[in-house]
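Q: Below is the file protein_16.pdb, which contains PDB, C-alpha atoms.
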ATOM      1  CA  MET A  48     -19.183   1.259 -32.484
ATOM      2  CA  ASP A  49     -22.782   2.191 -31.951
ATOM      3  CA  SER A  50     -23.404   5.557 -33.575
ATOM      4  CA  ILE A  51     -26.139   6.442 -31.070
ATOM      5  CA  ILE A  52     -23.685   6.033 -28.211
ATOM      6  CA  SER A  53     -21.069   8.215 -29.864
ATOM      7  CA  ALA A  54     -23.611  10.895 -30.709
ATOM      8  CA  ALA A  55     -24.937  10.875 -27.162
ATOM      9  CA  SER A  56     -21.383  11.038 -25.792
ATOM     10  CA  VAL A  57     -20.466  14.045 -27.901
ATOM     11  CA  ILE A  58     -23.623  15.898 -26.865
ATOM     12  CA  ALA A  59     -23.088  14.939 -23.225
ATOM     13  CA  ALA A  60     -19.503  16.179 -23.370
ATOM     14  CA  ALA A  61     -20.572  19.528 -24.782
ATOM     15  CA  VAL A  62     -23.368  19.910 -22.250
ATOM     16  CA  SER A  63     -21.172  18.932 -19.296
ATOM     17  CA  VAL A  64     -18.560  21.577 -20.055
ATOM     18  CA  GLY A  65     -21.195  24.171 -20.894
ATOM     19  CA  LEU A  66     -23.178  23.664 -17.699
ATOM     20  CA  ALA A  67     -20.052  23.434 -15.579
ATOM     21  CA  ALA A  68     -18.941  26.828 -16.886
ATOM     22  CA  ILE A  69     -22.091  28.697 -15.762
ATOM     23  CA  GLY A  70     -21.716  28.600 -11.991
ATOM     24  CA  PRO A  71     -17.988  29.326 -11.761
ATOM     25  CA  GLY A  72     -18.421  32.104 -14.339
ATOM     26  CA  ILE A  73     -20.945  33.872 -12.132
ATOM     27  CA  GLY A  74     -18.829  33.211  -9.057
ATOM     28  CA  GLN A  75     -15.653  34.543 -10.637
ATOM     29  CA  GLY A  76     -17.495  37.651 -11.747
ATOM     30  CA  ILE A  77     -18.751  38.315  -8.239
ATOM     31  CA  ALA A  78     -15.333  37.653  -6.702
ATOM     32  CA  SER A  79     -13.478  39.881  -9.162
ATOM     33  CA  GLY A  80     -16.051  42.653  -8.765
ATOM     34  CA  SER A  81     -15.711  42.578  -4.990
ATOM     35  CA  ALA A  82     -11.922  42.547  -5.267
ATOM     36  CA  VAL A  83     -11.958  45.617  -7.512
ATOM     37  CA  GLU A  84     -14.261  47.325  -5.036
ATOM     38  CA  ALA A  85     -11.950  46.427  -2.162
ATOM     39  CA  ILE A  86      -8.890  47.697  -4.036
ATOM     40  CA  ALA A  87     -10.681  50.935  -4.861
ATOM     41  CA  ARG A  88     -11.538  51.400  -1.199
ATOM     42  CA  GLN A  89      -8.124  50.427   0.149
ATOM     43  CA  PRO A  90      -5.458  50.696  -2.578
ATOM     44  CA  GLU A  91      -2.673  50.042  -0.061
ATOM     45  CA  SER A  92      -3.766  46.408   0.458
ATOM     46  CA  GLU A  93      -3.777  45.616  -3.252
ATOM     47  CA  THR A  94      -1.135  42.870  -3.157
ATOM     48  CA  ALA A  95      -2.897  40.882  -0.452
ATOM     49  CA  ILE A  96      -6.241  41.205  -2.214
ATOM     50  CA  ARG A  97      -4.755  40.174  -5.538
ATOM     51  CA  GLY A  98      -3.166  37.084  -4.032
ATOM     52  CA  THR A  99      -6.384  35.981  -2.380
ATOM     53  CA  LEU A 100      -8.348  36.721  -5.543
ATOM     54  CA  LEU A 101      -6.074  34.620  -7.748
ATOM     55  CA  LEU A 102      -6.217  31.736  -5.309
ATOM     56  CA  SER A 103     -10.023  31.810  -5.090
ATOM     57  CA  LEU A 104     -10.373  32.228  -8.864
ATOM     58  CA  ALA A 105      -8.313  29.091  -9.338
ATOM     59  CA  PHE A 106     -10.579  27.267  -6.882
ATOM     60  CA  MET A 107     -13.650  28.276  -8.860
ATOM     61  CA  GLU A 108     -11.994  27.386 -12.115
ATOM     62  CA  ALA A 109     -11.436  23.903 -10.756
ATOM     63  CA  LEU A 110     -15.213  23.360 -10.816
ATOM     64  CA  THR A 111     -15.302  23.928 -14.560
ATOM     65  CA  ILE A 112     -12.314  21.660 -14.887
ATOM     66  CA  TYR A 113     -14.309  18.850 -13.248
ATOM     67  CA  GLY A 114     -16.848  19.232 -16.037
ATOM     68  CA  LEU A 115     -14.012  19.209 -18.534
ATOM     69  CA  VAL A 116     -12.632  15.982 -17.053
ATOM     70  CA  VAL A 117     -16.046  14.371 -17.501
ATOM     71  CA  ALA A 118     -16.199  15.635 -21.088
ATOM     72  CA  LEU A 119     -12.709  14.409 -21.890
ATOM     73  CA  SER A 120     -13.362  10.991 -20.438
ATOM     74  CA  LEU A 121     -16.520  10.794 -22.556
ATOM     75  CA  LEU A 122     -14.614  11.734 -25.712
ATOM     76  CA  PHE A 123     -11.330   9.906 -25.299
ATOM     77  CA  ALA A 124     -11.849   7.173 -22.736
ATOM     78  CA  ASN A 125     -15.516   6.375 -23.153
ATOM     79  CA  PRO A 126     -16.447   3.453 -20.902
ATOM     80  CA  PHE A 127     -19.577   2.596 -22.928
ATOM     81  CA  THR A 128     -17.989   1.947 -26.302
ATOM     82  CA  SER A 129     -15.962  -1.222 -25.863
TER      83      SER A 129
ATOM     84  CA  MET B1066     -13.657   7.206 -31.056
ATOM     85  CA  TYR B1067     -14.303   8.667 -34.472
ATOM     86  CA  LEU B1068     -13.858  12.296 -33.442
ATOM     87  CA  PHE B1069     -10.428  11.403 -32.139
ATOM     88  CA  ASN B1070      -9.533   9.586 -35.359
ATOM     89  CA  LEU B1071     -10.798  12.459 -37.431
ATOM     90  CA  MET B1072      -8.394  14.790 -35.703
ATOM     91  CA  ASN B1073      -5.530  12.342 -35.829
ATOM     92  CA  THR B1074      -5.605  11.149 -39.413
ATOM     93  CA  SER B1075      -6.336  14.348 -41.275
ATOM     94  CA  LEU B1076      -3.463  15.075 -43.636
ATOM     95  CA  LEU B1077      -3.480  18.768 -42.887
ATOM     96  CA  LEU B1078      -2.470  18.345 -39.291
ATOM     97  CA  SER B1079       1.102  18.480 -38.159
ATOM     98  CA  SER B1080       0.240  17.326 -34.649
ATOM     99  CA  GLY B1081      -2.746  15.277 -33.607
ATOM    100  CA  VAL B1082      -4.644  15.384 -30.375
ATOM    101  CA  GLU B1083      -3.440  12.466 -28.328
ATOM    102  CA  VAL B1084      -5.223  11.689 -25.101
ATOM    103  CA  GLY B1085      -4.954   8.318 -23.466
ATOM    104  CA  VAL B1086      -2.144   7.154 -25.743
ATOM    105  CA  HIS B1087       0.743   5.927 -23.645
ATOM    106  CA  TYR B1088       4.192   4.471 -24.100
ATOM    107  CA  TYR B1089       3.716   1.292 -22.077
ATOM    108  CA  TRP B1090       6.497  -0.464 -20.232
ATOM    109  CA  ASP B1091       5.721  -3.954 -19.021
ATOM    110  CA  ILE B1092       7.719  -4.619 -15.881
ATOM    111  CA  GLY B1093       6.880  -7.762 -13.922
ATOM    112  CA  GLY B1094       3.357  -7.965 -15.314
ATOM    113  CA  ILE B1095       2.569  -4.347 -14.456
ATOM    114  CA  SER B1096       2.223  -1.927 -17.342
ATOM    115  CA  LEU B1097       3.660   1.490 -16.616
ATOM    116  CA  HIS B1098       3.274   4.723 -18.497
ATOM    117  CA  GLY B1099       6.868   5.134 -19.645
ATOM    118  CA  GLN B1100       6.621   8.695 -20.899
ATOM    119  CA  VAL B1101       5.656   9.906 -17.422
ATOM    120  CA  PHE B1102       8.642   8.184 -15.826
ATOM    121  CA  ILE B1103      11.140   9.600 -18.300
ATOM    122  CA  VAL B1104      10.044  13.171 -17.601
ATOM    123  CA  ILE B1105       9.832  12.566 -13.841
ATOM    124  CA  TRP B1106      13.407  11.231 -13.762
ATOM    125  CA  PHE B1107      14.560  14.234 -15.713
ATOM    126  CA  ILE B1108      12.840  16.544 -13.203
ATOM    127  CA  CYS B1109      14.313  14.651 -10.244
ATOM    128  CA  PHE B1110      17.810  15.074 -11.649
ATOM    129  CA  PHE B1111      17.150  18.730 -12.300
ATOM    130  CA  LEU B1112      15.884  19.362  -8.762
ATOM    131  CA  PHE B1113      18.724  17.358  -7.168
ATOM    132  CA  GLY B1114      21.219  19.259  -9.281
ATOM    133  CA  LEU B1115      19.676  22.577  -8.354
ATOM    134  CA  SER B1116      19.806  21.799  -4.638
ATOM    135  CA  PHE B1117      23.397  20.525  -4.841
ATOM    136  CA  ILE B1118      24.617  23.513  -6.817
ATOM    137  CA  GLY B1119      22.680  25.922  -4.610
ATOM    138  CA  THR B1120      24.037  24.513  -1.349
ATOM    139  CA  ALA B1121      27.543  23.451  -2.419
ATOM    140  CA  LYS B1122      29.379  26.590  -1.342
ATOM    141  CA  LEU B1123      27.342  28.272   1.365
ATOM    142  CA  GLU B1124      28.276  31.846   2.025
ATOM    143  CA  LYS B1125      27.168  34.441   4.507
ATOM    144  CA  ILE B1126      26.077  36.792   1.743
ATOM    145  CA  PRO B1127      24.252  34.616  -0.799
ATOM    146  CA  GLY B1128      24.827  35.168  -4.448
ATOM    147  CA  GLY B1129      23.858  33.498  -7.705
ATOM    148  CA  SER B1130      22.369  30.033  -7.335
ATOM    149  CA  GLN B1131      22.424  30.106  -3.528
ATOM    150  CA  ASN B1132      20.338  33.254  -3.646
ATOM    151  CA  PHE B1133      17.822  31.583  -5.928
ATOM    152  CA  VAL B1134      17.584  28.445  -3.801
ATOM    153  CA  GLU B1135      17.129  30.540  -0.671
ATOM    154  CA  PHE B1136      14.371  32.481  -2.363
ATOM    155  CA  LEU B1137      12.628  29.225  -3.303
ATOM    156  CA  PHE B1138      13.025  27.904   0.228
ATOM    157  CA  GLU B1139      11.614  31.045   1.801
ATOM    158  CA  TYR B1140       8.668  31.036  -0.582
ATOM    159  CA  THR B1141       7.700  27.424   0.099
ATOM    160  CA  ARG B1142       8.370  27.824   3.820
ATOM    161  CA  ASP B1143       5.942  30.743   3.877
ATOM    162  CA  ILE B1144       3.269  28.579   2.247
ATOM    163  CA  ALA B1145       3.609  26.099   5.109
ATOM    164  CA  LYS B1146       3.878  28.817   7.744
ATOM    165  CA  ASP B1147       0.807  30.729   6.582
ATOM    166  CA  GLN B1148      -1.386  27.631   6.756
ATOM    167  CA  ILE B1149      -0.031  25.540   9.633
ATOM    168  CA  GLY B1150       0.995  28.356  11.955
ATOM    169  CA  GLU B1151       4.178  29.560  13.584
ATOM    170  CA  SER B1152       4.445  26.879  16.274
ATOM    171  CA  LEU B1153       3.778  23.729  14.255
ATOM    172  CA  TYR B1154       4.920  24.393  10.708
ATOM    173  CA  ARG B1155       8.594  23.436  10.999
ATOM    174  CA  PRO B1156       8.433  19.620  10.493
ATOM    175  CA  TRP B1157       6.172  20.040   7.460
ATOM    176  CA  VAL B1158       8.370  22.398   5.480
ATOM    177  CA  PRO B1159      10.244  19.608   3.614
ATOM    178  CA  PHE B1160       7.028  17.901   2.524
ATOM    179  CA  ILE B1161       5.281  21.064   1.363
ATOM    180  CA  SER B1162       8.434  22.342  -0.357
ATOM    181  CA  THR B1163       8.949  19.067  -2.171
ATOM    182  CA  LEU B1164       5.338  19.003  -3.326
ATOM    183  CA  PHE B1165       5.516  22.562  -4.597
ATOM    184  CA  LEU B1166       8.848  22.209  -6.372
ATOM    185  CA  PHE B1167       7.954  18.876  -7.936
ATOM    186  CA  ILE B1168       4.540  19.948  -9.228
ATOM    187  CA  PHE B1169       5.830  23.318 -10.359
ATOM    188  CA  SER B1170       8.701  21.843 -12.335
ATOM    189  CA  CYS B1171       6.475  19.086 -13.736
ATOM    190  CA  ASN B1172       4.007  21.656 -15.030
ATOM    191  CA  TRP B1173       6.615  23.971 -16.460
ATOM    192  CA  ALA B1174       8.661  21.135 -17.937
ATOM    193  CA  GLY B1175       5.593  20.193 -19.964
ATOM    194  CA  GLY B1176       5.157  23.744 -21.180
ATOM    195  CA  LEU B1177       8.710  24.949 -21.712
ATOM    196  CA  ILE B1178      10.795  22.008 -22.923
ATOM    197  CA  PRO B1179      10.247  21.022 -26.582
ATOM    198  CA  TRP B1180       9.633  17.336 -25.929
ATOM    199  CA  LYS B1181       8.349  16.806 -29.457
ATOM    200  CA  ILE B1182      11.965  16.576 -30.648
ATOM    201  CA  ILE B1183      12.274  13.201 -28.912
ATOM    202  CA  GLU B1184      10.244  10.573 -30.749
ATOM    203  CA  LEU B1185       8.615   7.797 -28.756
ATOM    204  CA  PRO B1186       7.180   4.611 -30.278
ATOM    205  CA  GLU B1187       3.739   5.712 -29.099
ATOM    206  CA  GLY B1188       2.427   8.510 -26.961
ATOM    207  CA  GLU B1189       4.470  11.631 -26.374
ATOM    208  CA  LEU B1190       6.512  13.220 -23.632
ATOM    209  CA  ALA B1191       4.596  15.923 -21.780
ATOM    210  CA  ALA B1192       4.033  17.207 -18.277
ATOM    211  CA  PRO B1193       3.852  14.206 -15.918
ATOM    212  CA  THR B1194       0.928  15.864 -14.149
ATOM    213  CA  ASN B1195      -1.289  15.426 -17.207
ATOM    214  CA  ASP B1196      -1.489  11.745 -16.305
ATOM    215  CA  ILE B1197      -4.172  11.098 -13.686
ATOM    216  CA  ASN B1198      -2.020   8.433 -12.006
ATOM    217  CA  THR B1199       0.637  10.999 -11.068
ATOM    218  CA  THR B1200      -1.833  13.418  -9.534
ATOM    219  CA  ILE B1201      -3.718  10.690  -7.674
ATOM    220  CA  ALA B1202      -0.416   9.451  -6.243
ATOM    221  CA  LEU B1203       0.425  12.964  -5.055
ATOM    222  CA  ALA B1204      -3.044  13.477  -3.584
ATOM    223  CA  LEU B1205      -2.959  10.139  -1.736
ATOM    224  CA  LEU B1206       0.457  11.096  -0.389
ATOM    225  CA  VAL B1207      -1.138  14.217   1.068
ATOM    226  CA  SER B1208      -3.922  12.093   2.607
ATOM    227  CA  ILE B1209      -1.439   9.698   4.181
ATOM    228  CA  PHE B1210       0.596  12.573   5.554
ATOM    229  CA  TYR B1211      -2.282  14.405   7.166
ATOM    230  CA  PHE B1212      -3.517  11.210   8.802
ATOM    231  CA  TYR B1213       0.031  10.588  10.002
ATOM    232  CA  GLY B1214       0.279  14.129  11.323
ATOM    233  CA  GLY B1215      -3.056  13.860  13.118
ATOM    234  CA  PHE B1216      -2.269  10.508  14.746
ATOM    235  CA  ARG B1217       1.206  11.624  15.699
ATOM    236  CA  LYS B1218      -0.158  14.726  17.362
ATOM    237  CA  LYS B1219      -3.327  13.461  19.033
ATOM    238  CA  GLY B1220      -3.172   9.678  18.992
ATOM    239  CA  LEU B1221      -6.619   8.102  18.915
ATOM    240  CA  GLY B1222      -8.102  11.424  19.952
ATOM    241  CA  TYR B1223      -7.752  12.290  16.288
ATOM    242  CA  PHE B1224     -11.059  10.522  15.662
ATOM    243  CA  LYS B1225     -12.825  13.071  17.826
ATOM    244  CA  ARG B1226     -12.651  15.338  14.806
ATOM    245  CA  TYR B1227     -15.214  13.162  13.051
ATOM    246  CA  ILE B1228     -17.936  13.860  15.596
ATOM    247  CA  SER B1229     -17.256  17.527  16.045
ATOM    248  CA  PRO B1230     -19.106  19.828  16.279
ATOM    249  CA  THR B1231     -22.005  17.314  16.466
ATOM    250  CA  PRO B1232     -22.210  13.553  15.784
ATOM    251  CA  ILE B1233     -24.818  14.285  13.104
ATOM    252  CA  LEU B1234     -22.013  15.452  10.838
ATOM    253  CA  LEU B1235     -20.228  12.077  11.037
ATOM    254  CA  PRO B1236     -21.076  10.929   7.485
ATOM    255  CA  ILE B1237     -20.068  14.259   5.994
ATOM    256  CA  ASN B1238     -16.802  14.237   7.920
ATOM    257  CA  ILE B1239     -16.002  10.736   6.691
ATOM    258  CA  LEU B1240     -16.951  11.688   3.150
ATOM    259  CA  GLU B1241     -14.561  14.613   3.364
ATOM    260  CA  ASP B1242     -11.601  12.265   3.648
ATOM    261  CA  PHE B1243     -12.507  10.867   0.237
ATOM    262  CA  THR B1244     -13.394  14.109  -1.485
ATOM    263  CA  LYS B1245     -10.141  15.772  -0.448
ATOM    264  CA  PRO B1246      -7.788  13.573  -2.515
ATOM    265  CA  LEU B1247     -10.378  13.370  -5.296
ATOM    266  CA  SER B1248     -10.655  17.113  -5.729
ATOM    267  CA  LEU B1249      -6.906  17.640  -5.269
ATOM    268  CA  SER B1250      -6.000  15.165  -7.983
ATOM    269  CA  PHE B1251      -8.748  16.142 -10.431
ATOM    270  CA  ARG B1252      -8.004  19.832 -10.087
ATOM    271  CA  LEU B1253      -4.336  19.445 -10.952
ATOM    272  CA  PHE B1254      -4.894  16.841 -13.649
ATOM    273  CA  GLY B1255      -7.738  18.721 -15.311
ATOM    274  CA  ASN B1256      -5.965  22.042 -15.337
ATOM    275  CA  ILE B1257      -2.755  20.732 -16.846
ATOM    276  CA  LEU B1258      -4.538  18.565 -19.393
ATOM    277  CA  ALA B1259      -6.847  21.445 -20.306
ATOM    278  CA  ASP B1260      -3.871  23.742 -20.845
ATOM    279  CA  GLU B1261      -2.091  21.265 -23.066
ATOM    280  CA  LEU B1262      -5.249  20.436 -25.028
ATOM    281  CA  THR B1263      -6.042  24.104 -25.596
ATOM    282  CA  VAL B1264      -2.544  24.723 -26.901
ATOM    283  CA  THR B1265      -2.686  21.614 -29.110
ATOM    284  CA  VAL B1266      -6.057  22.490 -30.615
ATOM    285  CA  LEU B1267      -4.976  26.086 -31.230
ATOM    286  CA  THR B1268      -1.755  24.870 -32.838
ATOM    287  CA  ILE B1269      -3.816  22.694 -35.155
ATOM    288  CA  LEU B1270      -5.976  25.653 -36.153
ATOM    289  CA  VAL B1271      -3.284  28.354 -36.371
ATOM    290  CA  PRO B1272       0.287  27.057 -36.073
ATOM    291  CA  LEU B1273       2.049  30.416 -35.669
ATOM    292  CA  ILE B1274       1.997  33.273 -33.104
ATOM    293  CA  VAL B1275      -1.652  32.834 -32.025
ATOM    294  CA  PRO B1276      -1.025  30.020 -29.488
ATOM    295  CA  LEU B1277       1.720  32.057 -27.764
ATOM    296  CA  PRO B1278      -0.505  34.078 -25.384
ATOM    297  CA  ILE B1279      -2.401  30.899 -24.511
ATOM    298  CA  MET B1280       0.916  29.192 -23.783
ATOM    299  CA  CYS B1281       1.872  32.056 -21.443
ATOM    300  CA  LEU B1282      -1.529  31.811 -19.785
ATOM    301  CA  GLY B1283      -0.917  28.081 -19.434
ATOM    302  CA  LEU B1284       2.421  28.687 -17.720
ATOM    303  CA  PHE B1285       0.774  31.139 -15.338
ATOM    304  CA  ALA B1286      -2.132  28.780 -14.618
ATOM    305  CA  SER B1287       0.159  25.831 -13.980
ATOM    306  CA  ALA B1288       2.270  27.892 -11.563
ATOM    307  CA  VAL B1289      -0.926  28.854  -9.729
ATOM    308  CA  GLN B1290      -1.967  25.196  -9.637
ATOM    309  CA  ALA B1291       1.336  24.268  -7.977
ATOM    310  CA  VAL B1292       0.769  26.976  -5.361
ATOM    311  CA  ILE B1293      -2.793  25.811  -4.809
ATOM    312  CA  PHE B1294      -1.861  22.162  -4.448
ATOM    313  CA  SER B1295       0.803  22.889  -1.845
ATOM    314  CA  THR B1296      -1.384  25.437  -0.037
ATOM    315  CA  LEU B1297      -4.242  22.961   0.178
ATOM    316  CA  ALA B1298      -1.931  20.190   1.330
ATOM    317  CA  ALA B1299      -0.676  22.505   4.073
ATOM    318  CA  ALA B1300      -4.251  23.484   4.966
ATOM    319  CA  TYR B1301      -5.346  19.840   5.288
ATOM    320  CA  ILE B1302      -2.321  19.075   7.454
ATOM    321  CA  ALA B1303      -3.069  22.160   9.546
ATOM    322  CA  GLU B1304      -6.656  20.968  10.024
ATOM    323  CA  ALA B1305      -5.370  17.615  11.252
ATOM    324  CA  VAL B1306      -2.657  18.836  13.630
ATOM    325  CA  GLU B1307      -4.204  22.002  15.065
ATOM    326  CA  GLU B1308      -5.131  22.104  18.731
ATOM    327  CA  HIS B1309      -8.566  23.030  19.922
TER     328      HIS B1309
END
Here is the file; what I need is its structure written in the form of structure tokens.
A:
Amino acid sequence: MDSIISAASVIAAAVSVGLAAIGPGIGQGIASGSAVEAIARQPESETAIRGTLLLSLAFMEALTIYGLVVALSLLFANPFTS
Amino acid sequence: MYLFNLMNTSLLLSSGVEVGVHYYWDIGGISLHGQVFIVIWFICFFLFGLSFIGTAKLEKIPGGSQNFVEFLFEYTRDIAKDQIGESLYRPWVPFISTLFLFIFSCNWAGGLIPWKIIELPEGELAAPTNDINTTIALALLVSIFYFYGGFRKKGLGYFKRYISPTPILLPINILEDFTKPLSLSFRLFGNILADELTVTVLTILVPLIVPLPIMCLGLFASAVQAVIFSTLAAAYIAEAVEEH
């Protein structure tokens, strides 16, 4: 296999996961911060807030996972090598 | 790929990272991923058994397995009810419940059952949802069902949804029908595969104790993914069948 292609694939995989983690990281921080604020203001609605928070965190995490899927397909099922 | 080989052939490793290695069955010229089918059949038997045992002797005051099955039913029914609404949710309960139970037990079967004991000629038994074909099949099933629900409810008036609120949004509305199954399948597939890969890599680095919290996190995340998949399926169906 071409060593340039494998080197480029490894770098691309690292960059794709790294970049994909930035946005959701910020988003999850904002969401969790707001949820803590909401719980502090209204402790009686904690269960509802926690449920919604977990659901939305999983949605944001999915965005990183898309980057991970790209990285994994570059590492293990690279279309450019064969 | 040399990185892959490096991880696989090193003598120190008790388990290698295996992605894209499958136990192929050739049936009628079609090659199937055998390891997925074996685990899926196991899960089907488990779920059938659970429902038979839970509903065999129905009593007024539930106890034991009937109690558990009723709890499961109420939980999945509430997923459908919260999204689709009180008046329309009833016919969709079986579909949403099946989706939830199947995905949930697929994910947890991969995490909880020590499949490594059973040796396959190639590949390994794991959660069926870490194969993209399984998740794409499930996501396309959701697509088919929400189209079916929309047509059943509104007939050809279903297409009005594509030009609402304005006809300018037509391309985006059409695109949405493709991005829905794509994101559904990739989300589930990526999460489960990521969990299993994290555990595998950690096991390679430190075989004892250290992977345990990550495994628990993986179980939690895969349960949340099952909830999300069924919630989203219900939400898409709700979008298709709701009245304006």
Q: Apply the PyMOL selection byres ((chain B and resi 1255-1267) around 7) to the file shown and report the selected residues as an mmCIF file with C-alpha atoms, in the coordinates of the input.
A:
data_model
loop_
_atom_site.group_PDB
_atom_site.id
_atom_site.type_symbol
_atom_site.label_atom_id
_atom_site.label_comp_id
_atom_site.auth_asym_id
_atom_site.auth_seq_id
_atom_site.Cartn_x
_atom_site.Cartn_y
_atom_site.Cartn_z
ATOM 1 C CA ILE A 112 -12.314 21.660 -14.887
ATOM 2 C CA TYR A 113 -14.309 18.850 -13.248
ATOM 3 C CA VAL A 116 -12.632 15.982 -17.053
ATOM 4 C CA VAL B 1082 -4.644 15.384 -30.375
ATOM 5 C CA THR B 1194 0.928 15.864 -14.149
ATOM 6 C CA ASN B 1195 -1.289 15.426 -17.207
ATOM 7 C CA PHE B 1251 -8.748 16.142 -10.431
ATOM 8 C CA ARG B 1252 -8.004 19.832 -10.087
ATOM 9 C CA LEU B 1253 -4.336 19.445 -10.952
ATOM 10 C CA PHE B 1254 -4.894 16.841 -13.649
ATOM 11 C CA THR B 1268 -1.755 24.870 -32.838
ATOM 12 C CA ILE B 1269 -3.816 22.694 -35.155
ATOM 13 C CA LEU B 1270 -5.976 25.653 -36.153
ATOM 14 C CA VAL B 1271 -3.284 28.354 -36.371
ATOM 15 C CA PRO B 1276 -1.025 30.020 -29.488
ATOM 16 C CA ILE B 1279 -2.401 30.899 -24.511
ATOM 17 C CA MET B 1280 0.916 29.192 -23.783
ATOM 18 C CA GLY B 1283 -0.917 28.081 -19.434
ATOM 19 C CA SER B 1287 0.159 25.831 -13.980
#
Q: One decimal, in Å: what's the spacing between atom CA of B:Gly1175 and atom CA of B:Ala1191?
A: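 Interatomic distance here is 4.7 Å.
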Q: For the file shown, what are the residues hit by the ChimeraX specification (/B :<10) & /A, laid out as JSON, numbers by chain?
A: {"A": [48, 50, 53, 57, 101, 102, 103, 105, 106, 108, 109, 110, 111, 112, 113, 114, 115, 116, 117, 119, 120, 121, 122, 123, 124, 125, 128]}
Q: Check which residues satisfy the PyMOL selection byres ((chain B and resi 1162) around 10) in the file shown, then give them as a ChimeraX atom specification.
A: /B:1137-1145,1157-1161,1163-1168,1295
Q: Name the closest residue to A:Glu84 among the candidates A:Ile52, A:Ala67, A:Ile96, A:Phe127; distances are taken between atoms, counting all atoms listed in the file.
A: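 Nearest to A:Glu84: A:Ile96.
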Q: Of the candidates B:Leu1097, B:Leu1112, B:Leu1240, B:Ile1149, which shows the shortest atom-to-atom distance to B:Ala1303, using only C-alpha atoms?
A: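 Nearest to B:Ala1303: B:Ile1149.
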Q: Could you please determine the separation between atom CA of B:Ile1201 and atom CA of B:Ile1182 in Å, to one decimal place?
A: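 Between atom CA of B:Ile1201 and atom CA of B:Ile1182 the gap is 28.4 Å.
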Q: As an MDAnalysis selection string, please: the residues near B:Leu1203 (cut-off 9 Å, all atoms listed in the file, same-chain neighbours under 3 positions excluded).
A: chainID B and resid 1164 1198:1200 1206:1208 1246 1249:1250
Q: One number please: atom CA of B:Ile1103 to atom CA of B:Tyr1211, in Å, one decimal.
A: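 Between these atoms lies a distance of 29.2 Å.
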Q: Using the file's own x, y and z axes, what box holds all listed atoms of stretch 90-99 of chain A with 6 Å on each side, keeping edges along x, y and z, and what are its centre and edge lengths in Å to one decimal, as AutoDock Vina command-line options?
A:
--center_x -3.8 --center_y 43.3 --center_z -2.5 --size_x 17.2 --size_y 26.7 --size_z 18.0
Q: Find, counting all atoms listed in the file, the residue in B:Gly1150, B:Phe1102, B:Tyr1223, B:Ser1170 that gets nearest to B:Trp1090.
A: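 The shortest atom-to-atom distance to B:Trp1090 comes from B:Phe1102.
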Q: Considering all atoms listed in the file, return as a PDB file with C-alpha atoms, in the coordinates of the input whatever protein or nucleic-acid residues lie within 9 Å of B:Gln1131, sequence-local ones (same chain, fewer than 2 positions apart) excluded.
A:
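Dumped everything to around.pdb:
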ATOM      1  CA  SER B1116      19.806  21.799  -4.638  1.00  0.00           C
ATOM      2  CA  ILE B1118      24.617  23.513  -6.817  1.00  0.00           C
ATOM      3  CA  GLY B1119      22.680  25.922  -4.610  1.00  0.00           C
ATOM      4  CA  THR B1120      24.037  24.513  -1.349  1.00  0.00           C
ATOM      5  CA  ALA B1121      27.543  23.451  -2.419  1.00  0.00           C
ATOM      6  CA  LYS B1122      29.379  26.590  -1.342  1.00  0.00           C
ATOM      7  CA  LEU B1123      27.342  28.272   1.365  1.00  0.00           C
ATOM      8  CA  GLU B1124      28.276  31.846   2.025  1.00  0.00           C
ATOM      9  CA  PRO B1127      24.252  34.616  -0.799  1.00  0.00           C
ATOM     10  CA  GLY B1128      24.827  35.168  -4.448  1.00  0.00           C
ATOM     11  CA  GLY B1129      23.858  33.498  -7.705  1.00  0.00           C
ATOM     12  CA  PHE B1133      17.822  31.583  -5.928  1.00  0.00           C
ATOM     13  CA  VAL B1134      17.584  28.445  -3.801  1.00  0.00           C
ATOM     14  CA  GLU B1135      17.129  30.540  -0.671  1.00  0.00           C
ATOM     15  CA  PHE B1136      14.371  32.481  -2.363  1.00  0.00           C
TER      16      PHE B1136
END
